[in-house]
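Chemist: Provided herewith is a single structure, encoded as structure tokens, for subsequent inquiry.
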Protein chains: 2
Amino acid sequence: MARPRSSSAHQKVLRAALELFGERGIDGTSMDAVAQASGVSKATIYHHWADKEALLMEAMLLVHGLDRESKEVDTEDLCRDLTTVLTRRNPDEFETERERLTPTLIAYSALHPKFGKVWRDGFIQPPRRSLTRILRRGMESGQLPADLDLELALAILLGPIMYVHMFRRESRPDFDYIGSTVAEAFCRGFAVEQAKLSKLPKTRRITVSGRLR
Amino acid sequence: MARPRSSSAHQKVLRAALELFGERGIDGTSMDAVAQASGVSKATIYHHWADKEALLMEAMLLVHGLDRESKEVDTEDLCRDLTTVLTRRNPDEFETERERLTPTLIAYSALHPKFGKVWRDGFIQPPRRSLTRILRRGMESGQLPADLDLELALAILLGPIMYVHMFRRESRPDFDYIGSTVAEAFCRGFAVEQAKLSKLPKTRRITVSGRLR
DNA sequence: TAGGCGATACTAAACCGTTCAGTATTGAAA
DNA sequence: TTTCAATACTGAACGGTTTAGTATCGCCTA
């Protein structure tokens with residue numbers, strides 16, 4: 001028909017929104033500020049997005065990567081598979097923005113359950129599912145204890161990475177290094193062969209799913 | 001002089017603020033809402049605190065426990081010491097409030113560096129220091145590799161607990177269980193005796209401070 | 001009787017979302 | 001190639017709401 005929407009304006013707004021959301025928080029960023037920073041008029045912004053939340057949602061999708069191919073890995077080598085998933089980088093170009101946005105999204109998700117569900121389903125669950133599949137295979141093949149506490153295992157694998165994301169941002173840590181180290185430490189700590197070699201007295205053995213025995 | 005300030009009003013405001021900050025976030029909580037919820041007039045609130053940030057600060061101190069005895073532990077048993085620190089509960093009565101407030105504080109700290117510094121110095125650093133001391137002893141005594149990457153070790157120890165706090169709040173996890181399991185897994189993964197028994201091929205040995213060799 | 005207290009009104013600023021007149025840009029018909 | 005209708009964009013203004021913080025009252029108590 002007639003004039004199509006300017007995708008350049010669309011992109012400029014998204015970039016500016018990302019920048020500002022990360023810098024000042026979501027509540028701390030007014031639509032006027034987005035308009036000014038992007039150079040796109042507020043009226044136009046409201047033609048492209050219904051409201052601030054819609055803009056936030058698309059910005060989040062952009063920064064987290066829209067594709068999210070969650071290719072599965074299965075190389076028989078438990079530790080290698082875990083490492084692969086834990087060191088998998090997101091399609092990056094928005095790494096900085098994502099890093100800065102993450103704390104804000106955590107808080108926002110805690111306060112807005114609806115948004116939180118979308119965020120978690122889209123970006124927290126996928127790696128959890130990949131890891132879960134690998135762990136289950138390990139349990140079935142006997143490499144891991146059959147009564148492994150999955151929830152705890154996921155926390156042990158993903159927690160350190162999140163921790164570093166959260167508190168060591170300025171020191172620009174090497175996430176590949178962390179991911180592989182965590183995976184290997186996990187395997188050492190939980191793989192059945194290792195457990196059998198443990199010299200820890202039985203009373204302090206880890207049962208992993210139950211408490212200490 | 002004359003009439004002293006009502007400590008009851010003071011407490012009521014703090015409690016209400018905690019409740020609301022946790023429930024709606026900091027930016028999402030107006031001083032009017034605090035006044036209404038506490039039953040204390042806004043004028044009185046501003047007699048007790050200079051501004052919203054001062055109120056937030058005191059509320060945070062309250063919820064995190066003002067005392068914070070950071071008793072050191074040293075029982076020659078590395079793993080036991082780590083477990084002790086990781087399962088140390090805070091003086092509780094405000095557990096619920098603290099749990100709810102944490103995501104908000106993470107975001108707020110990321111956006112307000114000044115506040116963030118106080119928060120981290122007060123409540124993130126102490127356990128880190130305790131653990132660091134224990135880890136150093138382990139390195140000196142030879143129980144841990146001399147070139148252990150402290151930053152990474154801290155992430156591995158504290159990350160899983162934070163992860164569970166963050167994402168598994170509803171499932172009411174048992175933090176003592178997590179703390180002790182993480183400590184023991186860490187010891188298995190990194191203690192030198194265990195490492196020597198490792199059957200992993202040398203090329204996949206973990207050097208812990210450097211990358212993979 | 002000095003000063004804390006509650007109630008309420010107030011200010012100045014910021015916010016979101018809407019509206020509108022005027023201008024620029026487009027695809028398609030002529 | 002020209003024309004034209006349809007739509008997007010700008011810039012500015014505006015309404016209604018909310019905010020942090022101040023000010024002004026009497027009332028009440030240590």
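Chain labels follow the order of the structure tokens: the first chain is A, the next B, and so on; residue numbering restarts at 1 in every chain, and ligands are counted from 1 in their shown order.
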DSSP on the backbone: which residues in region 36-186 of chain A end up as helix (DSSP H, G or I)? Give the answer as number ranges by chain.
Modeler: A: 36-38, 42-48, 52-64, 78-86, 95-111, 113-141, 150-167, 169-171, 175-186
Chemist: Write out as a ChimeraX atom specification which residues come within 12 Å of DA12 (chain C) when counting only C-alpha atoms (C1' of nucleotides), dropping same-chain ones fewer than 3 positions away.
Modeler: /D:19-22
Chemist: Can I get the selected residues back with N, CA and C atoms (P, O5', C5', C4', C3', O3' and C1' of nucleotides), as a CSV table (one decimal), in the first residue's frame?
Modeler:
```
chain,number,residue,atom,x,y,z
D,19,DT,P,2.9,7.0,43.7
D,19,DT,O5',4.2,7.9,43.9
D,19,DT,C5',5.2,7.8,42.9
D,19,DT,C4',6.1,9.0,43.1
D,19,DT,C3',6.5,9.4,44.5
D,19,DT,O3',7.6,8.7,44.9
D,19,DT,C1',6.0,11.3,43.2
D,20,DA,P,8.1,8.6,46.4
D,20,DA,O5',8.9,10.0,46.5
D,20,DA,C5',10.1,10.2,45.7
D,20,DA,C4',10.7,11.5,46.0
D,20,DA,C3',11.1,11.7,47.5
D,20,DA,O3',12.3,12.4,47.5
D,20,DA,C1',9.5,13.3,47.0
D,21,DG,P,13.1,12.5,48.9
D,21,DG,O5',12.5,13.8,49.5
D,21,DG,C5',12.7,15.0,48.8
D,21,DG,C4',11.8,16.1,49.3
D,21,DG,C3',11.9,16.4,50.8
D,21,DG,O3',12.3,17.7,51.0
D,21,DG,C1',9.6,16.3,50.1
D,22,DT,P,12.5,18.3,52.4
D,22,DT,O5',11.2,19.3,52.5
D,22,DT,C5',11.0,20.2,51.4
D,22,DT,C4',9.9,21.2,51.7
D,22,DT,C3',9.9,21.8,53.1
D,22,DT,O3',9.6,23.2,53.0
D,22,DT,C1',7.8,20.7,52.7
```
Chemist: Select all residues from chain A having any atom no more than 9 Å from an atom of chain C (counting only C-alpha atoms (C1' of nucleotides), ignoring ligands), output as an mmCIF file with all heavy atoms, in the first residue's frame.
Modeler:
```
data_model
loop_
_atom_site.group_PDB
_atom_site.id
_atom_site.type_symbol
_atom_site.label_atom_id
_atom_site.label_comp_id
_atom_site.auth_asym_id
_atom_site.auth_seq_id
_atom_site.Cartn_x
_atom_site.Cartn_y
_atom_site.Cartn_z
ATOM 1 N N MET A 1 0.837 -1.201 0.000
ATOM 2 C CA MET A 1 0.000 0.000 0.000
ATOM 3 C C MET A 1 0.872 1.252 0.000
ATOM 4 O O MET A 1 1.373 1.692 -1.001
ATOM 5 C CB MET A 1 -0.904 0.012 1.244
ATOM 6 C CG MET A 1 -2.033 -0.996 1.167
ATOM 7 S SD MET A 1 -3.295 -0.471 0.002
ATOM 8 C CE MET A 1 -4.430 0.371 1.093
ATOM 9 N N ALA A 2 1.030 1.770 1.158
ATOM 10 C CA ALA A 2 1.707 3.067 1.235
ATOM 11 C C ALA A 2 3.038 2.952 1.954
ATOM 12 O O ALA A 2 3.672 1.915 1.918
ATOM 13 C CB ALA A 2 0.812 4.058 1.940
ATOM 14 N N ARG A 3 3.386 3.967 2.604
ATOM 15 C CA ARG A 3 4.707 4.037 3.230
ATOM 16 C C ARG A 3 4.861 2.986 4.327
ATOM 17 O O ARG A 3 4.032 2.910 5.227
ATOM 18 C CB ARG A 3 4.882 5.429 3.833
ATOM 19 C CG ARG A 3 6.236 5.658 4.465
ATOM 20 C CD ARG A 3 6.285 7.081 4.978
ATOM 21 N NE ARG A 3 7.536 7.349 5.662
ATOM 22 C CZ ARG A 3 7.795 8.490 6.253
ATOM 23 N NH1 ARG A 3 6.885 9.453 6.252
ATOM 24 N NH2 ARG A 3 8.939 8.681 6.856
ATOM 25 N N PRO A 4 5.896 2.211 4.268
ATOM 26 C CA PRO A 4 6.106 1.193 5.299
ATOM 27 C C PRO A 4 6.788 1.796 6.513
ATOM 28 O O PRO A 4 7.403 2.869 6.427
ATOM 29 C CB PRO A 4 7.051 0.216 4.604
ATOM 30 C CG PRO A 4 7.850 1.063 3.678
ATOM 31 C CD PRO A 4 6.926 2.194 3.239
ATOM 32 N N SER A 30 12.226 6.747 31.276
ATOM 33 C CA SER A 30 10.948 7.242 30.758
ATOM 34 C C SER A 30 10.913 7.095 29.243
ATOM 35 O O SER A 30 11.944 7.037 28.573
ATOM 36 C CB SER A 30 10.759 8.711 31.125
ATOM 37 O OG SER A 30 11.648 9.513 30.396
ATOM 38 N N MET A 31 9.714 7.025 28.736
ATOM 39 C CA MET A 31 9.559 6.922 27.294
ATOM 40 C C MET A 31 10.064 8.192 26.616
ATOM 41 O O MET A 31 10.553 8.151 25.486
ATOM 42 C CB MET A 31 8.101 6.675 26.954
ATOM 43 C CG MET A 31 7.595 5.321 27.445
ATOM 44 S SD MET A 31 8.483 3.940 26.743
ATOM 45 C CE MET A 31 7.479 3.601 25.294
ATOM 46 N N ASP A 32 9.944 9.293 27.304
ATOM 47 C CA ASP A 32 10.499 10.531 26.762
ATOM 48 C C ASP A 32 12.009 10.401 26.597
ATOM 49 O O ASP A 32 12.576 10.850 25.601
ATOM 50 C CB ASP A 32 10.160 11.701 27.684
ATOM 51 C CG ASP A 32 8.699 12.084 27.602
ATOM 52 O OD1 ASP A 32 8.309 12.704 26.602
ATOM 53 O OD2 ASP A 32 7.940 11.735 28.529
ATOM 54 N N ALA A 43 5.629 9.819 19.635
ATOM 55 C CA ALA A 43 4.423 9.387 18.923
ATOM 56 C C ALA A 43 4.727 8.175 18.051
ATOM 57 O O ALA A 43 3.966 7.206 18.014
ATOM 58 C CB ALA A 43 3.892 10.531 18.076
ATOM 59 N N TYR A 46 5.086 5.023 20.009
ATOM 60 C CA TYR A 46 3.801 4.435 20.384
ATOM 61 C C TYR A 46 3.033 3.895 19.172
ATOM 62 O O TYR A 46 2.034 3.205 19.322
ATOM 63 C CB TYR A 46 2.966 5.440 21.180
ATOM 64 C CG TYR A 46 3.352 5.447 22.641
ATOM 65 C CD1 TYR A 46 4.169 6.442 23.165
ATOM 66 C CD2 TYR A 46 2.943 4.425 23.486
ATOM 67 C CE1 TYR A 46 4.548 6.431 24.504
ATOM 68 C CE2 TYR A 46 3.310 4.400 24.823
ATOM 69 C CZ TYR A 46 4.111 5.411 25.329
ATOM 70 O OH TYR A 46 4.479 5.386 26.645
ATOM 71 N N ASP A 51 2.930 -0.200 24.410
ATOM 72 C CA ASP A 51 3.300 0.493 25.637
ATOM 73 C C ASP A 51 4.734 0.139 26.021
ATOM 74 O O ASP A 51 5.428 -0.577 25.293
ATOM 75 C CB ASP A 51 2.326 0.138 26.767
ATOM 76 C CG ASP A 51 2.188 -1.369 26.925
ATOM 77 O OD1 ASP A 51 3.100 -2.091 26.500
ATOM 78 O OD2 ASP A 51 1.157 -1.825 27.454
ATOM 79 N N LYS A 52 5.114 0.644 27.168
ATOM 80 C CA LYS A 52 6.496 0.466 27.604
ATOM 81 C C LYS A 52 6.835 -1.020 27.757
ATOM 82 O O LYS A 52 7.919 -1.466 27.400
ATOM 83 C CB LYS A 52 6.661 1.181 28.945
ATOM 84 C CG LYS A 52 8.090 1.377 29.387
ATOM 85 C CD LYS A 52 8.082 2.144 30.723
ATOM 86 C CE LYS A 52 9.472 2.374 31.245
ATOM 87 N NZ LYS A 52 9.427 3.110 32.528
#
```
Chemist: Determine which residues of chain D sit within 9 Å of chain A, taking into account only C-alpha atoms (C1' of nucleotides), and present them as an MDAnalysis selection string.
Modeler: chainID D and resid 5:11
Chemist: Write down, as a PDB file with all heavy atoms, in the first residue's frame, each residue of chain A that has any atom within 7 Å of an atom of chain B, counting only C-alpha atoms.
Modeler:
```pdb
ATOM      1  N   GLU A  23      21.090   1.069  31.977  1.00  0.00           N
ATOM      2  CA  GLU A  23      21.817   2.118  32.692  1.00  0.00           C
ATOM      3  C   GLU A  23      21.030   2.659  33.877  1.00  0.00           C
ATOM      4  O   GLU A  23      21.584   2.928  34.934  1.00  0.00           O
ATOM      5  CB  GLU A  23      22.088   3.245  31.694  1.00  0.00           C
ATOM      6  CG  GLU A  23      23.005   4.335  32.153  1.00  0.00           C
ATOM      7  CD  GLU A  23      23.242   5.308  31.005  1.00  0.00           C
ATOM      8  OE1 GLU A  23      23.639   4.870  29.896  1.00  0.00           O
ATOM      9  OE2 GLU A  23      22.991   6.507  31.205  1.00  0.00           O
ATOM     10  N   ARG A  24      19.725   2.809  33.673  1.00  0.00           N
ATOM     11  CA  ARG A  24      18.920   3.457  34.715  1.00  0.00           C
ATOM     12  C   ARG A  24      17.828   2.554  35.275  1.00  0.00           C
ATOM     13  O   ARG A  24      17.055   2.986  36.125  1.00  0.00           O
ATOM     14  CB  ARG A  24      18.230   4.712  34.156  1.00  0.00           C
ATOM     15  CG  ARG A  24      19.125   5.605  33.334  1.00  0.00           C
ATOM     16  CD  ARG A  24      18.348   6.817  32.869  1.00  0.00           C
ATOM     17  NE  ARG A  24      19.123   7.622  31.915  1.00  0.00           N
ATOM     18  CZ  ARG A  24      18.626   8.655  31.247  1.00  0.00           C
ATOM     19  NH1 ARG A  24      17.363   8.985  31.412  1.00  0.00           N
ATOM     20  NH2 ARG A  24      19.377   9.340  30.420  1.00  0.00           N
ATOM     21  N   GLY A  25      17.733   1.370  34.744  1.00  0.00           N
ATOM     22  CA  GLY A  25      16.647   0.510  35.175  1.00  0.00           C
ATOM     23  C   GLY A  25      15.409   0.751  34.343  1.00  0.00           C
ATOM     24  O   GLY A  25      15.338   1.698  33.554  1.00  0.00           O
ATOM     25  N   ASP A  27      12.039   1.064  35.457  1.00  0.00           N
ATOM     26  CA  ASP A  27      11.207   2.134  36.003  1.00  0.00           C
ATOM     27  C   ASP A  27      11.899   3.484  35.880  1.00  0.00           C
ATOM     28  O   ASP A  27      11.245   4.511  35.769  1.00  0.00           O
ATOM     29  CB  ASP A  27      10.895   1.849  37.471  1.00  0.00           C
ATOM     30  CG  ASP A  27       9.948   0.670  37.627  1.00  0.00           C
ATOM     31  OD1 ASP A  27       9.151   0.438  36.702  1.00  0.00           O
ATOM     32  OD2 ASP A  27      10.013  -0.017  38.657  1.00  0.00           O
ATOM     33  N   PRO A 103      20.711  -7.871  35.948  1.00  0.00           N
ATOM     34  CA  PRO A 103      20.234  -7.640  37.320  1.00  0.00           C
ATOM     35  C   PRO A 103      18.861  -6.991  37.332  1.00  0.00           C
ATOM     36  O   PRO A 103      17.983  -7.366  38.106  1.00  0.00           O
ATOM     37  CB  PRO A 103      21.283  -6.685  37.913  1.00  0.00           C
ATOM     38  CG  PRO A 103      22.486  -6.826  37.060  1.00  0.00           C
ATOM     39  CD  PRO A 103      22.003  -7.209  35.696  1.00  0.00           C
ATOM     40  N   THR A 104      18.686  -6.040  36.444  1.00  0.00           N
ATOM     41  CA  THR A 104      17.389  -5.370  36.360  1.00  0.00           C
ATOM     42  C   THR A 104      16.283  -6.356  36.009  1.00  0.00           C
ATOM     43  O   THR A 104      15.192  -6.311  36.584  1.00  0.00           O
ATOM     44  CB  THR A 104      17.460  -4.256  35.299  1.00  0.00           C
ATOM     45  OG1 THR A 104      18.359  -3.246  35.759  1.00  0.00           O
ATOM     46  CG2 THR A 104      16.092  -3.641  35.064  1.00  0.00           C
ATOM     47  N   ILE A 106      16.214  -9.532  36.585  1.00  0.00           N
ATOM     48  CA  ILE A 106      15.958 -10.411  37.723  1.00  0.00           C
ATOM     49  C   ILE A 106      14.975  -9.744  38.673  1.00  0.00           C
ATOM     50  O   ILE A 106      13.982 -10.349  39.092  1.00  0.00           O
ATOM     51  CB  ILE A 106      17.273 -10.746  38.454  1.00  0.00           C
ATOM     52  CG1 ILE A 106      18.102 -11.709  37.611  1.00  0.00           C
ATOM     53  CG2 ILE A 106      16.986 -11.354  39.829  1.00  0.00           C
ATOM     54  CD1 ILE A 106      19.440 -12.048  38.219  1.00  0.00           C
ATOM     55  N   ALA A 107      15.254  -8.491  38.982  1.00  0.00           N
ATOM     56  CA  ALA A 107      14.360  -7.784  39.903  1.00  0.00           C
ATOM     57  C   ALA A 107      12.984  -7.597  39.283  1.00  0.00           C
ATOM     58  O   ALA A 107      11.957  -7.847  39.919  1.00  0.00           O
ATOM     59  CB  ALA A 107      14.959  -6.433  40.278  1.00  0.00           C
ATOM     60  N   ALA A 110      11.018 -10.643  39.385  1.00  0.00           N
ATOM     61  CA  ALA A 110      10.525 -10.995  40.714  1.00  0.00           C
ATOM     62  C   ALA A 110       9.270 -10.205  41.048  1.00  0.00           C
ATOM     63  O   ALA A 110       8.402 -10.683  41.775  1.00  0.00           O
ATOM     64  CB  ALA A 110      11.607 -10.738  41.760  1.00  0.00           C
ATOM     65  N   LEU A 111       9.167  -9.013  40.503  1.00  0.00           N
ATOM     66  CA  LEU A 111       8.044  -8.149  40.859  1.00  0.00           C
ATOM     67  C   LEU A 111       6.884  -8.254  39.872  1.00  0.00           C
ATOM     68  O   LEU A 111       5.767  -7.870  40.189  1.00  0.00           O
ATOM     69  CB  LEU A 111       8.508  -6.696  40.937  1.00  0.00           C
ATOM     70  CG  LEU A 111       9.587  -6.425  41.981  1.00  0.00           C
ATOM     71  CD1 LEU A 111      10.015  -4.966  41.940  1.00  0.00           C
ATOM     72  CD2 LEU A 111       9.104  -6.802  43.369  1.00  0.00           C
ATOM     73  N   ALA A 155      21.847 -26.144  40.162  1.00  0.00           N
ATOM     74  CA  ALA A 155      22.331 -24.983  40.918  1.00  0.00           C
ATOM     75  C   ALA A 155      23.849 -24.974  40.970  1.00  0.00           C
ATOM     76  O   ALA A 155      24.486 -23.930  40.836  1.00  0.00           O
ATOM     77  CB  ALA A 155      21.746 -24.992  42.330  1.00  0.00           C
ATOM     78  N   ILE A 156      24.427 -26.146  41.136  1.00  0.00           N
ATOM     79  CA  ILE A 156      25.883 -26.225  41.229  1.00  0.00           C
ATOM     80  C   ILE A 156      26.530 -25.886  39.891  1.00  0.00           C
ATOM     81  O   ILE A 156      27.588 -25.278  39.836  1.00  0.00           O
ATOM     82  CB  ILE A 156      26.295 -27.634  41.707  1.00  0.00           C
ATOM     83  CG1 ILE A 156      25.966 -27.763  43.200  1.00  0.00           C
ATOM     84  CG2 ILE A 156      27.768 -27.894  41.452  1.00  0.00           C
ATOM     85  CD1 ILE A 156      26.217 -29.139  43.770  1.00  0.00           C
ATOM     86  N   GLY A 159      24.918 -21.914  39.035  1.00  0.00           N
ATOM     87  CA  GLY A 159      25.097 -20.876  40.055  1.00  0.00           C
ATOM     88  C   GLY A 159      26.399 -20.107  39.925  1.00  0.00           C
ATOM     89  O   GLY A 159      26.370 -18.870  39.926  1.00  0.00           O
ATOM     90  N   PRO A 160      27.516 -20.786  39.811  1.00  0.00           N
ATOM     91  CA  PRO A 160      28.785 -20.055  39.748  1.00  0.00           C
ATOM     92  C   PRO A 160      28.841 -19.084  38.586  1.00  0.00           C
ATOM     93  O   PRO A 160      29.356 -17.975  38.713  1.00  0.00           O
ATOM     94  CB  PRO A 160      29.815 -21.175  39.584  1.00  0.00           C
ATOM     95  CG  PRO A 160      29.186 -22.360  40.222  1.00  0.00           C
ATOM     96  CD  PRO A 160      27.719 -22.246  39.917  1.00  0.00           C
ATOM     97  N   MET A 162      26.307 -17.605  37.155  1.00  0.00           N
ATOM     98  CA  MET A 162      25.465 -16.457  37.468  1.00  0.00           C
ATOM     99  C   MET A 162      26.136 -15.554  38.490  1.00  0.00           C
ATOM    100  O   MET A 162      26.093 -14.332  38.384  1.00  0.00           O
ATOM    101  CB  MET A 162      24.112 -16.932  37.989  1.00  0.00           C
ATOM    102  CG  MET A 162      23.144 -15.777  38.106  1.00  0.00           C
ATOM    103  SD  MET A 162      21.532 -16.277  38.713  1.00  0.00           S
ATOM    104  CE  MET A 162      21.854 -16.465  40.440  1.00  0.00           C
ATOM    105  N   TYR A 163      26.769 -16.181  39.449  1.00  0.00           N
ATOM    106  CA  TYR A 163      27.437 -15.404  40.490  1.00  0.00           C
ATOM    107  C   TYR A 163      28.470 -14.458  39.891  1.00  0.00           C
ATOM    108  O   TYR A 163      28.534 -13.276  40.227  1.00  0.00           O
ATOM    109  CB  TYR A 163      28.112 -16.357  41.475  1.00  0.00           C
ATOM    110  CG  TYR A 163      28.737 -15.684  42.672  1.00  0.00           C
ATOM    111  CD1 TYR A 163      28.001 -15.445  43.818  1.00  0.00           C
ATOM    112  CD2 TYR A 163      30.072 -15.297  42.656  1.00  0.00           C
ATOM    113  CE1 TYR A 163      28.569 -14.837  44.918  1.00  0.00           C
ATOM    114  CE2 TYR A 163      30.655 -14.678  43.755  1.00  0.00           C
ATOM    115  CZ  TYR A 163      29.898 -14.455  44.886  1.00  0.00           C
ATOM    116  OH  TYR A 163      30.467 -13.839  45.972  1.00  0.00           O
ATOM    117  N   VAL A 164      29.251 -14.996  38.991  1.00  0.00           N
ATOM    118  CA  VAL A 164      30.281 -14.169  38.371  1.00  0.00           C
ATOM    119  C   VAL A 164      29.651 -13.073  37.521  1.00  0.00           C
ATOM    120  O   VAL A 164      30.105 -11.930  37.527  1.00  0.00           O
ATOM    121  CB  VAL A 164      31.226 -15.053  37.537  1.00  0.00           C
ATOM    122  CG1 VAL A 164      32.151 -14.194  36.710  1.00  0.00           C
ATOM    123  CG2 VAL A 164      32.028 -15.963  38.444  1.00  0.00           C
ATOM    124  N   TYR A 177      36.239 -20.297  30.574  1.00  0.00           N
ATOM    125  CA  TYR A 177      37.086 -20.874  31.610  1.00  0.00           C
ATOM    126  C   TYR A 177      36.236 -21.312  32.806  1.00  0.00           C
ATOM    127  O   TYR A 177      36.352 -22.439  33.304  1.00  0.00           O
ATOM    128  CB  TYR A 177      38.130 -19.815  32.006  1.00  0.00           C
ATOM    129  CG  TYR A 177      38.821 -20.030  33.306  1.00  0.00           C
ATOM    130  CD1 TYR A 177      39.348 -21.272  33.661  1.00  0.00           C
ATOM    131  CD2 TYR A 177      38.973 -18.969  34.201  1.00  0.00           C
ATOM    132  CE1 TYR A 177      40.000 -21.434  34.863  1.00  0.00           C
ATOM    133  CE2 TYR A 177      39.629 -19.131  35.401  1.00  0.00           C
ATOM    134  CZ  TYR A 177      40.131 -20.379  35.731  1.00  0.00           C
ATOM    135  OH  TYR A 177      40.768 -20.538  36.919  1.00  0.00           O
ATOM    136  N   THR A 181      35.616 -25.219  33.949  1.00  0.00           N
ATOM    137  CA  THR A 181      36.106 -25.592  35.275  1.00  0.00           C
ATOM    138  C   THR A 181      34.972 -26.123  36.144  1.00  0.00           C
ATOM    139  O   THR A 181      35.117 -27.130  36.846  1.00  0.00           O
ATOM    140  CB  THR A 181      36.764 -24.390  35.964  1.00  0.00           C
ATOM    141  OG1 THR A 181      37.761 -23.837  35.122  1.00  0.00           O
ATOM    142  CG2 THR A 181      37.397 -24.821  37.284  1.00  0.00           C
ATOM    143  N   ALA A 185      34.803 -29.787  37.683  1.00  0.00           N
ATOM    144  CA  ALA A 185      34.718 -29.954  39.139  1.00  0.00           C
ATOM    145  C   ALA A 185      33.481 -30.756  39.498  1.00  0.00           C
ATOM    146  O   ALA A 185      33.515 -31.621  40.379  1.00  0.00           O
ATOM    147  CB  ALA A 185      34.682 -28.591  39.824  1.00  0.00           C
ATOM    148  N   PHE A 186      32.414 -30.489  38.792  1.00  0.00           N
ATOM    149  CA  PHE A 186      31.185 -31.236  39.048  1.00  0.00           C
ATOM    150  C   PHE A 186      31.398 -32.725  38.797  1.00  0.00           C
ATOM    151  O   PHE A 186      31.014 -33.577  39.612  1.00  0.00           O
ATOM    152  CB  PHE A 186      30.060 -30.717  38.158  1.00  0.00           C
ATOM    153  CG  PHE A 186      28.781 -31.487  38.295  1.00  0.00           C
ATOM    154  CD1 PHE A 186      27.878 -31.185  39.297  1.00  0.00           C
ATOM    155  CD2 PHE A 186      28.496 -32.535  37.430  1.00  0.00           C
ATOM    156  CE1 PHE A 186      26.702 -31.907  39.424  1.00  0.00           C
ATOM    157  CE2 PHE A 186      27.323 -33.259  37.559  1.00  0.00           C
ATOM    158  CZ  PHE A 186      26.425 -32.942  38.564  1.00  0.00           C
ATOM    159  N   ARG A 188      34.136 -34.379  38.840  1.00  0.00           N
ATOM    160  CA  ARG A 188      34.987 -34.935  39.885  1.00  0.00           C
ATOM    161  C   ARG A 188      34.224 -35.136  41.181  1.00  0.00           C
ATOM    162  O   ARG A 188      34.466 -36.092  41.912  1.00  0.00           O
ATOM    163  CB  ARG A 188      36.115 -33.965  40.185  1.00  0.00           C
ATOM    164  CG  ARG A 188      37.137 -33.933  39.122  1.00  0.00           C
ATOM    165  CD  ARG A 188      38.408 -33.608  39.816  1.00  0.00           C
ATOM    166  NE  ARG A 188      39.296 -32.950  38.903  1.00  0.00           N
ATOM    167  CZ  ARG A 188      40.552 -32.709  39.215  1.00  0.00           C
ATOM    168  NH1 ARG A 188      41.001 -33.013  40.409  1.00  0.00           N
ATOM    169  NH2 ARG A 188      41.330 -32.138  38.339  1.00  0.00           N
ATOM    170  N   GLY A 189      33.333 -34.202  41.449  1.00  0.00           N
ATOM    171  CA  GLY A 189      32.638 -34.270  42.723  1.00  0.00           C
ATOM    172  C   GLY A 189      31.539 -35.310  42.737  1.00  0.00           C
ATOM    173  O   GLY A 189      31.188 -35.837  43.792  1.00  0.00           O
ATOM    174  N   ILE A 206      28.571 -38.100  50.518  1.00  0.00           N
ATOM    175  CA  ILE A 206      27.443 -37.325  50.010  1.00  0.00           C
ATOM    176  C   ILE A 206      26.488 -38.263  49.312  1.00  0.00           C
ATOM    177  O   ILE A 206      26.900 -39.043  48.459  1.00  0.00           O
ATOM    178  CB  ILE A 206      27.919 -36.273  49.007  1.00  0.00           C
ATOM    179  CG1 ILE A 206      28.960 -35.384  49.668  1.00  0.00           C
ATOM    180  CG2 ILE A 206      26.754 -35.468  48.495  1.00  0.00           C
ATOM    181  CD1 ILE A 206      29.651 -34.496  48.684  1.00  0.00           C
ATOM    182  N   ARG A 211      19.920 -36.149  52.457  1.00  0.00           N
ATOM    183  CA  ARG A 211      20.904 -35.354  53.194  1.00  0.00           C
ATOM    184  C   ARG A 211      22.160 -36.183  53.345  1.00  0.00           C
ATOM    185  O   ARG A 211      22.385 -37.144  52.651  1.00  0.00           O
ATOM    186  CB  ARG A 211      20.362 -34.980  54.588  1.00  0.00           C
ATOM    187  CG  ARG A 211      19.014 -34.413  54.541  1.00  0.00           C
ATOM    188  CD  ARG A 211      19.003 -33.228  53.563  1.00  0.00           C
ATOM    189  NE  ARG A 211      17.651 -32.960  53.109  1.00  0.00           N
ATOM    190  CZ  ARG A 211      16.770 -32.283  53.828  1.00  0.00           C
ATOM    191  NH1 ARG A 211      17.086 -31.834  55.004  1.00  0.00           N
ATOM    192  NH2 ARG A 211      15.571 -32.052  53.346  1.00  0.00           N
TER     193      ARG A 211
END
```
Chemist: Hey, can you check how far CA of Ala37 (chain A) sits from CA of Ala59 (chain A)?
Modeler: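 Computing it gives 15.0 Å between the two atoms.
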